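To keep things clear, I will list the structure first and then write my remarks on it.
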Amino acid sequence: MRIRTSGPALAACGAAALALGVAACGSSGSGSSGGAAPGVTKSLVTVGGHFPLTGPAAPGYSEIPQAIDAYFKHVNAHGGINGRKLKFISRDDGYNPTNTVKVTKQLVLQDKVFAVLGGLGTPTHTKVVDFLNASKVPDLFVSSGCLCWDQPQKHPWTFGWQTDYTVEGKILGKYIADNFKGQKVAYFLQNDDFGSDGAKGLDMYIPKSQVVSRQTYEPGNTDIGPQMAKIKASGAQVLASFSIPAYTALVHLAGVKLDYHPKIVVSNVGADPTTLGGLLKAFSKGKAGSSLIEGLRTAYYLPSGNDASDPWIKMFKGIHDQYIPKLPWDGNVLYGEALAYTFAEALQMAGKSPTRQSIVDAIESGKLKGPGLVPFRYSKDSHAGFTGERLGEIKNGQLIEEGQPLVTDDGNGPIKPGTQPAQQPPPNGVPAQPAT
Amino acid sequence: MATRAEPVSRARTLGRVREVTLVRHLTVALAAGVVLYLVSNALSAFDDLQLATMGYYFVAVAGLTVLTGVNGQVSLGHGAFMAVGAYATAKLLGETGQGLPLAVVLVLAALITAVAGVVAGAAAARLRGPYLAGATLALAVGLPSLADRFPKFLGATNGLTVLPSTPPASLGADFPLERWQAWITCLGGLVTYVLLANLLRSRFGRAFRAVRDDEVAAQLAGLHVARTQILAFVVSAACAGLAGGLFVVVTQLAAPGAFQLALSVALLAGVVLGGLGSLWGAVLGAFALVMIPQWSEDLSKGLSLSGNVQANLALAVYGVVLIGVMLAAPRGLAGGLQWVHQQGRRAWSRRKEEER
């Protein structure tokens with residue numbers, strides 16, 4: 001083989017070819033939109049988000065962008081928002097923070113989205129918050145309940161959406177303290193902000209003496225046998241878990257293996273019965289199923305998907321049946337549609353010619369109603385989403401509510417019953433003109 | 001390749017050639033720098049980002065070219081060396097940039113990775129062919145998981161983040177960050193080019209080739225085979241370390257997810273695609289590594305395929321291109337272009353003769 005180090009001519013034309021190549025592929029990112037906000041034209045508003053479409057976090061979560069897209073299609077079929085159709089671009093990050101950085105830059109710099117909507121995950125999205133805020137791109141309704149989205153001073157363009165993990169921890173903690181008085185409690189936590197924010201809330205209500213074991217898991221390592229053995233050895237009668245669905249399923253399977261059956265209380269994030277039933281079947285190769293999660297306690301902030309009489313559920317399930325009938329009707333689909341609805345409401349409120357600033361102003365006005373059981377906390381000083389949850393228990397594979405929706409803050413505030421009357425969805429499912 | 005100069009007046013000739021070589025490589029780098037400067041100014045922010053990505057890929061692929069193409073050692077573990085450089089950079093820069101200045105950090109990152117290269121190289125020099133590939137493969141799989149082992153120090157799967165290095169104020173407030181990053185990585189690339197091009201023209205470069213072509217013959221000629229192989233490994237690892245550092249400059253993140261096996265394989269694919277053993281091939285290889293996934297993604301988006309197919313099509317296209325290039329141009333894109341060039345010249349001179 002003859003080897004040559006590059007001669008000058010060769011190298012120079014290499015650089016030139018490289019240059020031309022890059023320039024040639026630069027056509028996709030040309031032209032500014034002349035006055036209007038990026039991603040907004042006379043007839044179209046483009047937004048996008050990063051989601052795990054492949055990889056271990058994809059089951060369940062990959063339905064969310066499809067559900068957002070389905071709701072947008074429904075809006076478009078009804079004339080759009082202020083005459084503009086909505087377009088959603090989802091990019092796959094595989095729940096890998098490095099890819100999140102790459103695809104988010106792609107969304108902003110190449111796709112020129114108006115806003116990032118519903119970017120999924122705590123370890124992933126934390127890597128792009130600084131970039132989005134430096135680029136002044138609205139970073140709306142992050143799909144994660146980390147407290148870290150609520151920093152209006154540091155991150156004025158970022159907004160949370162779902163109930164944050166500390167509020168959830170407080171509500172679940174109070175439930176455990178009230179209902180399982182004096183019983184031994186063990187924590188099973190994801191080893192990041194999700195787990196630690198949740199534990200912070202639990203600790204506010206469960207007396208220290210009652211907590212006999214605190215175990216964590218690394219997402220990606222599916223062997224949780226050692227942690228579960230320690231929890232069993234601690235003699236805990238109640239297991240409080242801040243885990244994503246795959247690990248909630250693993251907890252139940254480990255319980256069967258160890259013949260250990262505590263009462264299990266799980267964060268909303270990892271408690272969707274349909275997703276869990278599917279995962280249990282898959283992990284056990286068909287030997288186990290939804291019967292294992294009977295009696296699981298959790299809390300939730302959207303109407304229960306099983307409640308066919310709820311007007312929101314009627315509307316969202318109708319859209320599901322029309323646009324994405326191949327997907328199961330589960331918590332992820334409901335989540336995506338509800339999140340997309342909230343965006344449509346904010347965009348409607350942002351005015352006839354929305355700008356990146358005007359949509360942030362609209363959300364900060366605190367007038368967003370949303371499809372939840374409890375109100376949002378949005379204001380100039382708060383970028384936190386839903387302010388509470390309602391407790392529930394899985395019975396016969398369905399989520400059955402227990403008591404009133406509860407609201408609280410992520411500080412030392414008390415837990416109170418929610419007083420906001422139930423919101424009614426707009427007749428055609430598209431947020432209407434706000435009353436002026 | 002026996003290109004050893006005649007013993008007569010060897011020292012003098014060598015000295016002159018080296019001088020001329022250095023000047024020549026500096027001139028090339030300068031010309032390429034001017035072109036890159038002009039191009040980066042004309043590009044949109046996203047394309048500048050692509051250029052920045054090509055910059056650090058070039059550094060890594062060029063380093064691997066020295067090892068695999070010139071010295072004949074296969075490494076499936078260069079992603080791990082990039083990880084070493086990236087983590088060193090993130091640690092030395094500090095989370096809020098309170099650490100050392102960037103240029104110093106990048107040099108240190110390359111040096112630290114070079115030390116790692118000594119260790120790996122010493123083991124590699126004892127191994128051949130598939131065994132070497134296997135050992136370096138273990139490195140690529142094993143090393144990134146150290147981050148999980150030391151979550152406090154290396155940040156586990158979450159990784160380490162750094163603040164972006166911002167362009168100096170004299171460039172104006174609106175100067176795009178991506179262009180600044182492209183400048184940094186391209187400068188890194190040009191420095192790497194000059195150093196490697198000189199190295200390959202020197203005594204060491206010839207030793208690398210001699211060992212690759214025939215170890216026994218090289219030994220008979222008085223070369224220390226193992227030492228030469230370790231040296232190639234160290235040079236190559238230092239390049240990967242610098243590439244890792246530049247990666248952190250572009251993404252502000254060092255996390256294990258960035259340095260999976262796929263990266264190591266991609267780097268090797270870049271070497272093979274571009275053309276085994278030439279730095280010019282490394283330019284093409286880096287270009288291909290960035291643009292092929294981009295083009296195939298655009299293609300699959302254009303075809304409006306279903307989500308699942310779309311997510312995986314890029315990989316398939318990548319494979320097809322690799323096979324296609326290997327069939328059409330076994331010496332890579334650089335070899336293929338050289339062949340086209342030669343054919344063209346031959347045809348041209350033939351026509352000229354006929355005219356006469």
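Residues in the structure tokens are numbered from 1 in each chain, the chains being A, B, ... in the order shown, and ligands are numbered from 1 in the order shown.
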
Using only C-alpha atoms, determine which residues lie at most 8 Å from range 306-317 of chain A, disregarding the query and same-chain residues fewer than 2 positions distant; provide the list as a PyMOL selection string.
-> chain A and resi 303-304+319-321+329+334+337-338+371+398-399+424-425+429

Please, could you write that set of residues out with N, CA, C and O atoms as an mmCIF file, in the first residue's frame?
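Final file, selection.cif:
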```cif
data_model
loop_
_atom_site.group_PDB
_atom_site.id
_atom_site.type_symbol
_atom_site.label_atom_id
_atom_site.label_comp_id
_atom_site.auth_asym_id
_atom_site.auth_seq_id
_atom_site.Cartn_x
_atom_site.Cartn_y
_atom_site.Cartn_z
ATOM 1 N N PRO A 303 -57.176 14.232 35.090
ATOM 2 C CA PRO A 303 -58.291 13.325 35.343
ATOM 3 C C PRO A 303 -57.876 11.886 35.054
ATOM 4 O O PRO A 303 -57.045 11.651 34.172
ATOM 5 N N SER A 304 -58.434 10.946 35.769
ATOM 6 C CA SER A 304 -58.073 9.551 35.550
ATOM 7 C C SER A 304 -58.554 9.090 34.176
ATOM 8 O O SER A 304 -59.723 9.252 33.824
ATOM 9 N N ILE A 319 -59.859 12.159 20.541
ATOM 10 C CA ILE A 319 -58.749 12.530 19.664
ATOM 11 C C ILE A 319 -57.811 11.339 19.482
ATOM 12 O O ILE A 319 -57.335 11.062 18.376
ATOM 13 N N HIS A 320 -57.560 10.618 20.574
ATOM 14 C CA HIS A 320 -56.728 9.410 20.491
ATOM 15 C C HIS A 320 -57.325 8.424 19.487
ATOM 16 O O HIS A 320 -56.635 7.912 18.602
ATOM 17 N N ASP A 321 -58.633 8.172 19.623
ATOM 18 C CA ASP A 321 -59.273 7.172 18.766
ATOM 19 C C ASP A 321 -59.229 7.578 17.296
ATOM 20 O O ASP A 321 -59.137 6.731 16.413
ATOM 21 N N TRP A 329 -54.478 3.406 24.856
ATOM 22 C CA TRP A 329 -54.993 4.588 25.576
ATOM 23 C C TRP A 329 -54.457 4.513 27.008
ATOM 24 O O TRP A 329 -54.976 3.807 27.855
ATOM 25 N N LEU A 334 -52.456 10.450 27.368
ATOM 26 C CA LEU A 334 -53.198 11.507 28.061
ATOM 27 C C LEU A 334 -52.255 12.665 28.403
ATOM 28 O O LEU A 334 -52.585 13.845 28.208
ATOM 29 N N GLU A 337 -51.346 14.735 25.233
ATOM 30 C CA GLU A 337 -52.458 15.548 24.750
ATOM 31 C C GLU A 337 -52.729 16.726 25.684
ATOM 32 O O GLU A 337 -52.964 17.846 25.246
ATOM 33 N N ALA A 338 -52.675 16.453 26.996
ATOM 34 C CA ALA A 338 -52.959 17.514 27.961
ATOM 35 C C ALA A 338 -51.888 18.599 27.892
ATOM 36 O O ALA A 338 -52.171 19.793 28.005
ATOM 37 N N PRO A 371 -55.934 21.573 31.780
ATOM 38 C CA PRO A 371 -56.882 20.466 31.878
ATOM 39 C C PRO A 371 -56.748 19.678 33.180
ATOM 40 O O PRO A 371 -57.274 18.578 33.287
ATOM 41 N N GLN A 398 -57.512 -0.519 37.348
ATOM 42 C CA GLN A 398 -57.923 0.849 37.074
ATOM 43 C C GLN A 398 -57.533 1.754 38.232
ATOM 44 O O GLN A 398 -57.518 1.320 39.383
ATOM 45 N N LEU A 399 -57.248 3.002 37.879
ATOM 46 C CA LEU A 399 -56.870 3.965 38.895
ATOM 47 C C LEU A 399 -58.134 4.554 39.509
ATOM 48 O O LEU A 399 -58.916 5.200 38.821
ATOM 49 N N GLN A 424 -63.980 23.036 32.631
ATOM 50 C CA GLN A 424 -64.683 22.358 31.552
ATOM 51 C C GLN A 424 -63.896 22.549 30.258
ATOM 52 O O GLN A 424 -63.395 23.640 29.998
ATOM 53 N N PRO A 425 -63.781 21.497 29.456
ATOM 54 C CA PRO A 425 -63.065 21.671 28.186
ATOM 55 C C PRO A 425 -63.884 22.508 27.219
ATOM 56 O O PRO A 425 -65.118 22.516 27.305
ATOM 57 N N GLY A 429 -62.844 21.308 21.668
ATOM 58 C CA GLY A 429 -61.529 20.812 22.079
ATOM 59 C C GLY A 429 -60.400 21.765 21.790
ATOM 60 O O GLY A 429 -59.241 21.423 22.006
#
```

Tell me which protein, DNA and RNA residues are within 12 Å of range 89-104 of chain B, counting only C-alpha atoms, leaving out same-chain ones fewer than 6 positions away, and put them as a PyMOL selection string.
-> chain B and resi 82-83+110-113+153-155+159-166+181+184-185+187-188+241-255

Selection above as a file: N, CA, C and O atoms, as a compact mmCIF listing (two decimals), in the first residue's frame:
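Dumped everything to again30.txt:
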```txt
# COMPACT_ATOMS: atom_id res chain seq x y z
N MET B 82 -11.00 9.56 23.97
CA MET B 82 -11.73 10.83 23.89
C MET B 82 -12.40 11.13 25.23
O MET B 82 -12.44 12.27 25.68
N ALA B 83 -12.92 10.08 25.88
CA ALA B 83 -13.57 10.27 27.18
C ALA B 83 -12.57 10.79 28.20
O ALA B 83 -12.87 11.71 28.97
N ALA B 110 -4.67 16.72 26.41
CA ALA B 110 -3.94 15.88 25.47
C ALA B 110 -2.81 15.14 26.18
O ALA B 110 -2.58 13.94 25.93
N LEU B 111 -2.10 15.82 27.09
CA LEU B 111 -0.98 15.18 27.79
C LEU B 111 -1.48 14.07 28.71
O LEU B 111 -0.90 12.97 28.75
N ILE B 112 -2.56 14.35 29.45
CA ILE B 112 -3.10 13.33 30.36
C ILE B 112 -3.50 12.09 29.57
O ILE B 112 -3.23 10.96 29.96
N THR B 113 -4.17 12.33 28.42
CA THR B 113 -4.59 11.20 27.61
C THR B 113 -3.38 10.47 27.04
O THR B 113 -3.40 9.25 26.88
N PHE B 153 -17.13 12.18 41.94
CA PHE B 153 -16.04 12.82 41.23
C PHE B 153 -16.35 12.98 39.74
O PHE B 153 -16.05 14.02 39.14
N LEU B 154 -17.00 11.98 39.15
CA LEU B 154 -17.21 11.99 37.69
C LEU B 154 -18.68 12.16 37.30
O LEU B 154 -19.01 12.13 36.12
N GLY B 155 -19.56 12.33 38.28
CA GLY B 155 -20.94 12.69 37.96
C GLY B 155 -21.82 11.59 37.41
O GLY B 155 -22.89 11.88 36.88
N GLY B 159 -23.11 12.99 34.20
CA GLY B 159 -21.98 13.65 33.57
C GLY B 159 -21.58 14.94 34.25
O GLY B 159 -22.16 15.37 35.24
N LEU B 160 -20.53 15.56 33.69
CA LEU B 160 -20.04 16.85 34.18
C LEU B 160 -20.39 17.91 33.15
O LEU B 160 -20.23 17.70 31.96
N THR B 161 -20.86 19.05 33.63
CA THR B 161 -21.17 20.13 32.70
C THR B 161 -20.21 21.29 32.94
O THR B 161 -19.71 21.48 34.04
N VAL B 162 -19.94 22.04 31.87
CA VAL B 162 -19.14 23.26 32.00
C VAL B 162 -19.89 24.39 31.32
O VAL B 162 -20.76 24.15 30.48
N LEU B 163 -19.57 25.62 31.69
CA LEU B 163 -20.17 26.75 31.00
C LEU B 163 -19.48 26.91 29.65
O LEU B 163 -18.30 26.62 29.51
N PRO B 164 -20.25 27.37 28.62
CA PRO B 164 -19.62 27.55 27.31
C PRO B 164 -18.53 28.61 27.37
O PRO B 164 -18.65 29.58 28.12
N SER B 165 -17.44 28.42 26.61
CA SER B 165 -16.43 29.47 26.52
C SER B 165 -16.93 30.50 25.52
O SER B 165 -17.19 30.19 24.37
N THR B 166 -17.15 31.70 26.00
CA THR B 166 -17.83 32.70 25.18
C THR B 166 -16.82 33.47 24.33
O THR B 166 -15.67 33.65 24.73
N GLN B 181 -17.06 28.44 18.52
CA GLN B 181 -16.69 27.05 18.76
C GLN B 181 -16.04 26.44 17.53
O GLN B 181 -15.07 25.67 17.64
N ILE B 184 -12.48 27.49 17.40
CA ILE B 184 -11.62 26.78 18.36
C ILE B 184 -11.28 25.38 17.85
O ILE B 184 -10.11 24.98 17.81
N THR B 185 -12.30 24.64 17.41
CA THR B 185 -12.01 23.26 17.00
C THR B 185 -11.20 23.23 15.70
O THR B 185 -10.34 22.39 15.52
N LEU B 187 -9.03 25.46 14.74
CA LEU B 187 -7.65 25.79 15.10
C LEU B 187 -6.97 24.55 15.68
O LEU B 187 -5.83 24.23 15.31
N GLY B 188 -7.70 23.84 16.55
CA GLY B 188 -7.17 22.59 17.08
C GLY B 188 -6.83 21.62 15.96
O GLY B 188 -5.79 20.95 15.98
N GLY B 241 -7.38 12.62 22.93
CA GLY B 241 -7.61 13.43 24.13
C GLY B 241 -7.95 14.86 23.79
O GLY B 241 -8.88 15.45 24.34
N LEU B 242 -7.20 15.41 22.83
CA LEU B 242 -7.49 16.78 22.39
C LEU B 242 -8.89 16.84 21.78
O LEU B 242 -9.66 17.77 22.04
N ALA B 243 -9.22 15.81 20.98
CA ALA B 243 -10.56 15.77 20.38
C ALA B 243 -11.63 15.74 21.46
O ALA B 243 -12.66 16.42 21.35
N GLY B 244 -11.39 14.97 22.53
CA GLY B 244 -12.34 14.92 23.64
C GLY B 244 -12.50 16.28 24.29
O GLY B 244 -13.61 16.70 24.62
N GLY B 245 -11.38 16.99 24.45
CA GLY B 245 -11.44 18.33 25.02
C GLY B 245 -12.25 19.27 24.14
O GLY B 245 -13.08 20.04 24.63
N LEU B 246 -12.02 19.19 22.83
CA LEU B 246 -12.76 20.05 21.90
C LEU B 246 -14.25 19.68 21.90
O LEU B 246 -15.12 20.54 21.75
N PHE B 247 -14.52 18.39 22.10
CA PHE B 247 -15.90 17.94 22.20
C PHE B 247 -16.61 18.65 23.36
O PHE B 247 -17.76 19.10 23.23
N VAL B 248 -15.90 18.78 24.49
CA VAL B 248 -16.50 19.46 25.64
C VAL B 248 -16.72 20.94 25.32
O VAL B 248 -17.72 21.53 25.73
N VAL B 249 -15.81 21.54 24.55
CA VAL B 249 -15.98 22.94 24.17
C VAL B 249 -17.29 23.11 23.38
O VAL B 249 -18.02 24.07 23.57
N VAL B 250 -17.59 22.13 22.53
CA VAL B 250 -18.77 22.25 21.68
C VAL B 250 -20.06 21.89 22.43
O VAL B 250 -21.07 22.56 22.28
N THR B 251 -20.02 20.84 23.25
CA THR B 251 -21.27 20.38 23.87
C THR B 251 -21.42 20.81 25.33
O THR B 251 -22.49 20.62 25.91
N GLN B 252 -20.36 21.34 25.94
CA GLN B 252 -20.40 21.73 27.36
C GLN B 252 -20.73 20.56 28.27
O GLN B 252 -21.30 20.73 29.34
N LEU B 253 -20.41 19.35 27.83
CA LEU B 253 -20.82 18.19 28.62
C LEU B 253 -19.83 17.05 28.43
O LEU B 253 -19.40 16.76 27.31
N ALA B 254 -19.45 16.41 29.54
CA ALA B 254 -18.72 15.14 29.47
C ALA B 254 -19.56 14.12 30.21
O ALA B 254 -19.70 14.19 31.42
N ALA B 255 -20.18 13.20 29.46
CA ALA B 255 -21.03 12.19 30.08
C ALA B 255 -20.75 10.85 29.40
O ALA B 255 -20.40 10.81 28.22
```

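Near chain A, within 7 Å and using only C-alpha atoms, the residues of chain B are Val28, Ala31, Ala32, Val35, Leu36, Val39, Leu43, Ser44, Ala45, Phe46, Asp47, Asn158, Ala197, Thr251, Ala255, Gly257, Ala258, Gly277, Ser278, Leu279, Trp280, Val283 and Phe287 of chain B.
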
Residues from last step as file, all heavy atoms, as a compact mmCIF listing (two decimals), in the first residue's frame:
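again.txt was written with the following content:
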```
# COMPACT_ATOMS: atom_id res chain seq x y z
N VAL B 28 0.32 25.33 4.19
CA VAL B 28 -0.96 24.66 3.94
C VAL B 28 -1.94 24.99 5.06
O VAL B 28 -3.10 25.34 4.81
CB VAL B 28 -0.77 23.13 3.87
CG1 VAL B 28 -2.12 22.45 3.79
CG2 VAL B 28 0.08 22.78 2.67
N ALA B 31 -3.21 28.52 4.74
CA ALA B 31 -4.18 28.65 3.65
C ALA B 31 -5.51 28.05 4.06
O ALA B 31 -6.57 28.65 3.88
CB ALA B 31 -3.64 27.95 2.40
N ALA B 32 -5.45 26.86 4.66
CA ALA B 32 -6.69 26.22 5.09
C ALA B 32 -7.38 27.07 6.16
O ALA B 32 -8.61 27.19 6.18
CB ALA B 32 -6.39 24.82 5.65
N VAL B 35 -9.25 29.88 4.50
CA VAL B 35 -10.47 29.36 3.88
C VAL B 35 -11.52 29.09 4.95
O VAL B 35 -12.69 29.49 4.83
CB VAL B 35 -10.17 28.07 3.09
CG1 VAL B 35 -11.47 27.44 2.61
CG2 VAL B 35 -9.27 28.38 1.91
N LEU B 36 -11.11 28.43 6.03
CA LEU B 36 -12.06 28.09 7.10
C LEU B 36 -12.64 29.34 7.73
O LEU B 36 -13.83 29.39 8.06
CB LEU B 36 -11.38 27.22 8.16
CG LEU B 36 -11.11 25.77 7.74
CD1 LEU B 36 -10.21 25.08 8.74
CD2 LEU B 36 -12.42 25.01 7.61
N VAL B 39 -15.19 30.74 5.35
CA VAL B 39 -16.36 29.86 5.29
C VAL B 39 -17.19 30.00 6.56
O VAL B 39 -18.41 30.15 6.51
CB VAL B 39 -15.91 28.40 5.10
CG1 VAL B 39 -17.08 27.46 5.35
CG2 VAL B 39 -15.37 28.21 3.70
N LEU B 43 -21.36 30.94 7.07
CA LEU B 43 -22.30 29.88 7.42
C LEU B 43 -23.33 30.35 8.44
O LEU B 43 -23.08 31.27 9.22
CB LEU B 43 -21.54 28.69 8.00
CG LEU B 43 -20.68 27.90 7.03
CD1 LEU B 43 -20.01 26.75 7.75
CD2 LEU B 43 -21.50 27.39 5.86
N SER B 44 -24.47 29.63 8.45
CA SER B 44 -25.47 29.87 9.49
C SER B 44 -24.99 29.23 10.78
O SER B 44 -24.04 28.45 10.80
CB SER B 44 -26.81 29.25 9.08
OG SER B 44 -26.70 27.85 9.14
N ALA B 45 -25.67 29.55 11.87
CA ALA B 45 -25.24 29.05 13.18
C ALA B 45 -25.21 27.53 13.20
O ALA B 45 -24.26 26.92 13.70
CB ALA B 45 -26.17 29.58 14.26
N PHE B 46 -26.23 26.90 12.61
CA PHE B 46 -26.26 25.44 12.67
C PHE B 46 -25.11 24.83 11.87
O PHE B 46 -24.49 23.86 12.30
CB PHE B 46 -27.60 24.91 12.14
CG PHE B 46 -27.68 23.42 12.20
CD1 PHE B 46 -27.80 22.78 13.41
CD2 PHE B 46 -27.59 22.65 11.05
CE1 PHE B 46 -27.85 21.39 13.49
CE2 PHE B 46 -27.63 21.27 11.11
CZ PHE B 46 -27.77 20.65 12.32
N ASP B 47 -24.81 25.42 10.70
CA ASP B 47 -23.72 24.87 9.90
C ASP B 47 -22.37 25.12 10.54
O ASP B 47 -21.44 24.32 10.39
CB ASP B 47 -23.80 25.43 8.48
CG ASP B 47 -25.06 24.95 7.77
OD1 ASP B 47 -25.37 23.76 7.91
OD2 ASP B 47 -25.73 25.75 7.12
N ASN B 158 -25.11 11.18 34.78
CA ASN B 158 -25.47 12.58 34.59
C ASN B 158 -24.36 13.38 33.94
O ASN B 158 -24.60 14.34 33.21
CB ASN B 158 -25.81 13.16 35.95
CG ASN B 158 -26.93 14.14 35.87
OD1 ASN B 158 -27.55 14.28 34.82
ND2 ASN B 158 -27.19 14.84 36.94
N ALA B 197 1.58 15.97 10.32
CA ALA B 197 2.18 15.94 8.99
C ALA B 197 3.70 15.96 9.11
O ALA B 197 4.40 15.22 8.39
CB ALA B 197 1.69 17.12 8.17
N THR B 251 -20.02 20.84 23.25
CA THR B 251 -21.27 20.38 23.87
C THR B 251 -21.42 20.81 25.33
O THR B 251 -22.49 20.62 25.91
CB THR B 251 -21.38 18.84 23.83
OG1 THR B 251 -20.24 18.31 24.51
CG2 THR B 251 -21.41 18.32 22.42
N ALA B 255 -20.18 13.20 29.46
CA ALA B 255 -21.03 12.19 30.08
C ALA B 255 -20.75 10.85 29.40
O ALA B 255 -20.40 10.81 28.22
CB ALA B 255 -22.50 12.56 29.91
N GLY B 257 -22.56 8.67 28.21
CA GLY B 257 -23.39 8.39 27.04
C GLY B 257 -22.76 8.86 25.74
O GLY B 257 -23.12 8.39 24.66
N ALA B 258 -21.80 9.80 25.83
CA ALA B 258 -21.18 10.32 24.62
C ALA B 258 -20.10 9.38 24.09
O ALA B 258 -19.71 9.46 22.93
CB ALA B 258 -20.57 11.69 24.90
N GLY B 277 -4.58 5.97 6.22
CA GLY B 277 -3.18 6.37 6.21
C GLY B 277 -2.89 7.76 5.68
O GLY B 277 -1.74 8.14 5.65
N SER B 278 -3.87 8.53 5.26
CA SER B 278 -3.54 9.88 4.83
C SER B 278 -4.35 10.91 5.62
O SER B 278 -5.51 10.68 5.95
CB SER B 278 -3.79 10.05 3.33
OG SER B 278 -5.09 10.47 3.08
N LEU B 279 -3.70 12.02 5.94
CA LEU B 279 -4.36 13.07 6.72
C LEU B 279 -5.48 13.71 5.92
O LEU B 279 -6.50 14.11 6.45
CB LEU B 279 -3.35 14.12 7.15
CG LEU B 279 -2.31 13.62 8.15
CD1 LEU B 279 -1.35 14.73 8.51
CD2 LEU B 279 -2.97 13.09 9.39
N TRP B 280 -5.28 13.80 4.65
CA TRP B 280 -6.30 14.33 3.74
C TRP B 280 -7.53 13.44 3.79
O TRP B 280 -8.68 13.91 3.79
CB TRP B 280 -5.65 14.44 2.37
CG TRP B 280 -6.49 14.41 1.14
CD1 TRP B 280 -6.26 13.64 0.04
CD2 TRP B 280 -7.63 15.21 0.85
NE1 TRP B 280 -7.21 13.90 -0.91
CE2 TRP B 280 -8.07 14.85 -0.44
CE3 TRP B 280 -8.35 16.16 1.55
CZ2 TRP B 280 -9.18 15.42 -1.03
CZ3 TRP B 280 -9.46 16.73 0.94
CH2 TRP B 280 -9.86 16.37 -0.33
N VAL B 283 -9.61 14.31 6.77
CA VAL B 283 -10.52 15.44 6.54
C VAL B 283 -11.83 14.92 5.94
O VAL B 283 -12.93 15.24 6.41
CB VAL B 283 -9.88 16.47 5.57
CG1 VAL B 283 -10.87 17.56 5.23
CG2 VAL B 283 -8.63 17.06 6.19
N PHE B 287 -15.61 14.74 7.60
CA PHE B 287 -16.74 15.30 6.85
C PHE B 287 -17.85 14.25 6.72
O PHE B 287 -19.03 14.53 6.97
CB PHE B 287 -16.25 15.75 5.47
CG PHE B 287 -17.31 16.39 4.62
CD1 PHE B 287 -17.67 17.70 4.87
CD2 PHE B 287 -17.92 15.70 3.61
CE1 PHE B 287 -18.66 18.31 4.10
CE2 PHE B 287 -18.91 16.29 2.83
CZ PHE B 287 -19.27 17.60 3.08
```

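Using only C-alpha atoms, the smallest distance between any of A:Gln420, A:Asn332, A:Ser353, A:Asn396 and Leu296 in chain A comes from A:Asn396.
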
Those of range 208-397 of chain A in DSSP alpha helix (DSSP H), formatted as a count of residues only = 75

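Nearest-residue note for Asp48 in chain B: choosing from B:Phe175, B:Gly344, B:Gly63, B:Lys301, the minimum distance belongs to B:Phe175, counting only C-alpha atoms.
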
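Residues lying within 8 Å of Thr248 in chain A, counting only C-alpha atoms and ignoring same-chain neighbours fewer than 6 positions away, are A:Ser241, A:Val266, A:Gly270, A:Ala271, A:Leu276.
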
Residues within 12 Å of Asp214 in chain B, only C-alpha atoms, excluding chain neighbours under 2 positions, as a count of residues only | 18

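Of the residues listed (A:Tyr260, A:Phe72, A:Tyr217, A:Phe141), A:Phe141 shows the shortest atom-to-atom separation from Phe376 in chain A; distances use only C-alpha atoms.
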
Give me the residues within 12 Å of Gly351 in chain A as a ChimeraX atom specification, counting only C-alpha atoms and dropping any in the same chain fewer than 6 places off.
-> /A:81-84,344-345,357-363,433-434,436

Since we have the selection now, will you write its residues out, keeping C-alpha atoms, as a PDB file, in the first residue's frame?
```
ATOM      1  CA  ILE A  81     -54.895  28.898  16.704  1.00  0.00           C
ATOM      2  CA  ASN A  82     -55.564  32.450  15.517  1.00  0.00           C
ATOM      3  CA  GLY A  83     -55.598  31.102  11.971  1.00  0.00           C
ATOM      4  CA  ARG A  84     -52.223  29.357  12.270  1.00  0.00           C
ATOM      5  CA  ALA A 344     -52.483  25.743  22.600  1.00  0.00           C
ATOM      6  CA  GLU A 345     -54.082  27.705  25.437  1.00  0.00           C
ATOM      7  CA  GLN A 357     -41.773  37.182  24.695  1.00  0.00           C
ATOM      8  CA  SER A 358     -45.554  37.328  24.414  1.00  0.00           C
ATOM      9  CA  ILE A 359     -46.038  33.620  25.054  1.00  0.00           C
ATOM     10  CA  VAL A 360     -43.847  33.856  28.157  1.00  0.00           C
ATOM     11  CA  ASP A 361     -45.892  36.869  29.286  1.00  0.00           C
ATOM     12  CA  ALA A 362     -49.105  34.941  28.660  1.00  0.00           C
ATOM     13  CA  ILE A 363     -47.984  32.062  30.869  1.00  0.00           C
ATOM     14  CA  GLN A 433     -60.470  33.299  22.636  1.00  0.00           C
ATOM     15  CA  PRO A 434     -59.785  34.540  26.173  1.00  0.00           C
ATOM     16  CA  THR A 436     -61.007  40.416  27.362  1.00  0.00           C
TER      17      THR A 436
END
```

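Taking the backbone of this structure through DSSP, the residues of range 146-373 of chain A that come out as strand (DSSP E or B) are A:Thr158, A:Val185, A:Ala186, A:Tyr187, A:Phe188, A:Leu189, A:Gln190, A:Val211, A:Val212, A:Ser213, A:Arg214, A:Gln215, A:Thr216, A:Tyr217, A:Val238, A:Leu239, A:Ala240, A:Ser241, A:Phe242, A:Lys263, A:Ile264, A:Val265, A:Val266, A:Arg297, A:Thr298, A:Ala299, A:Tyr300.
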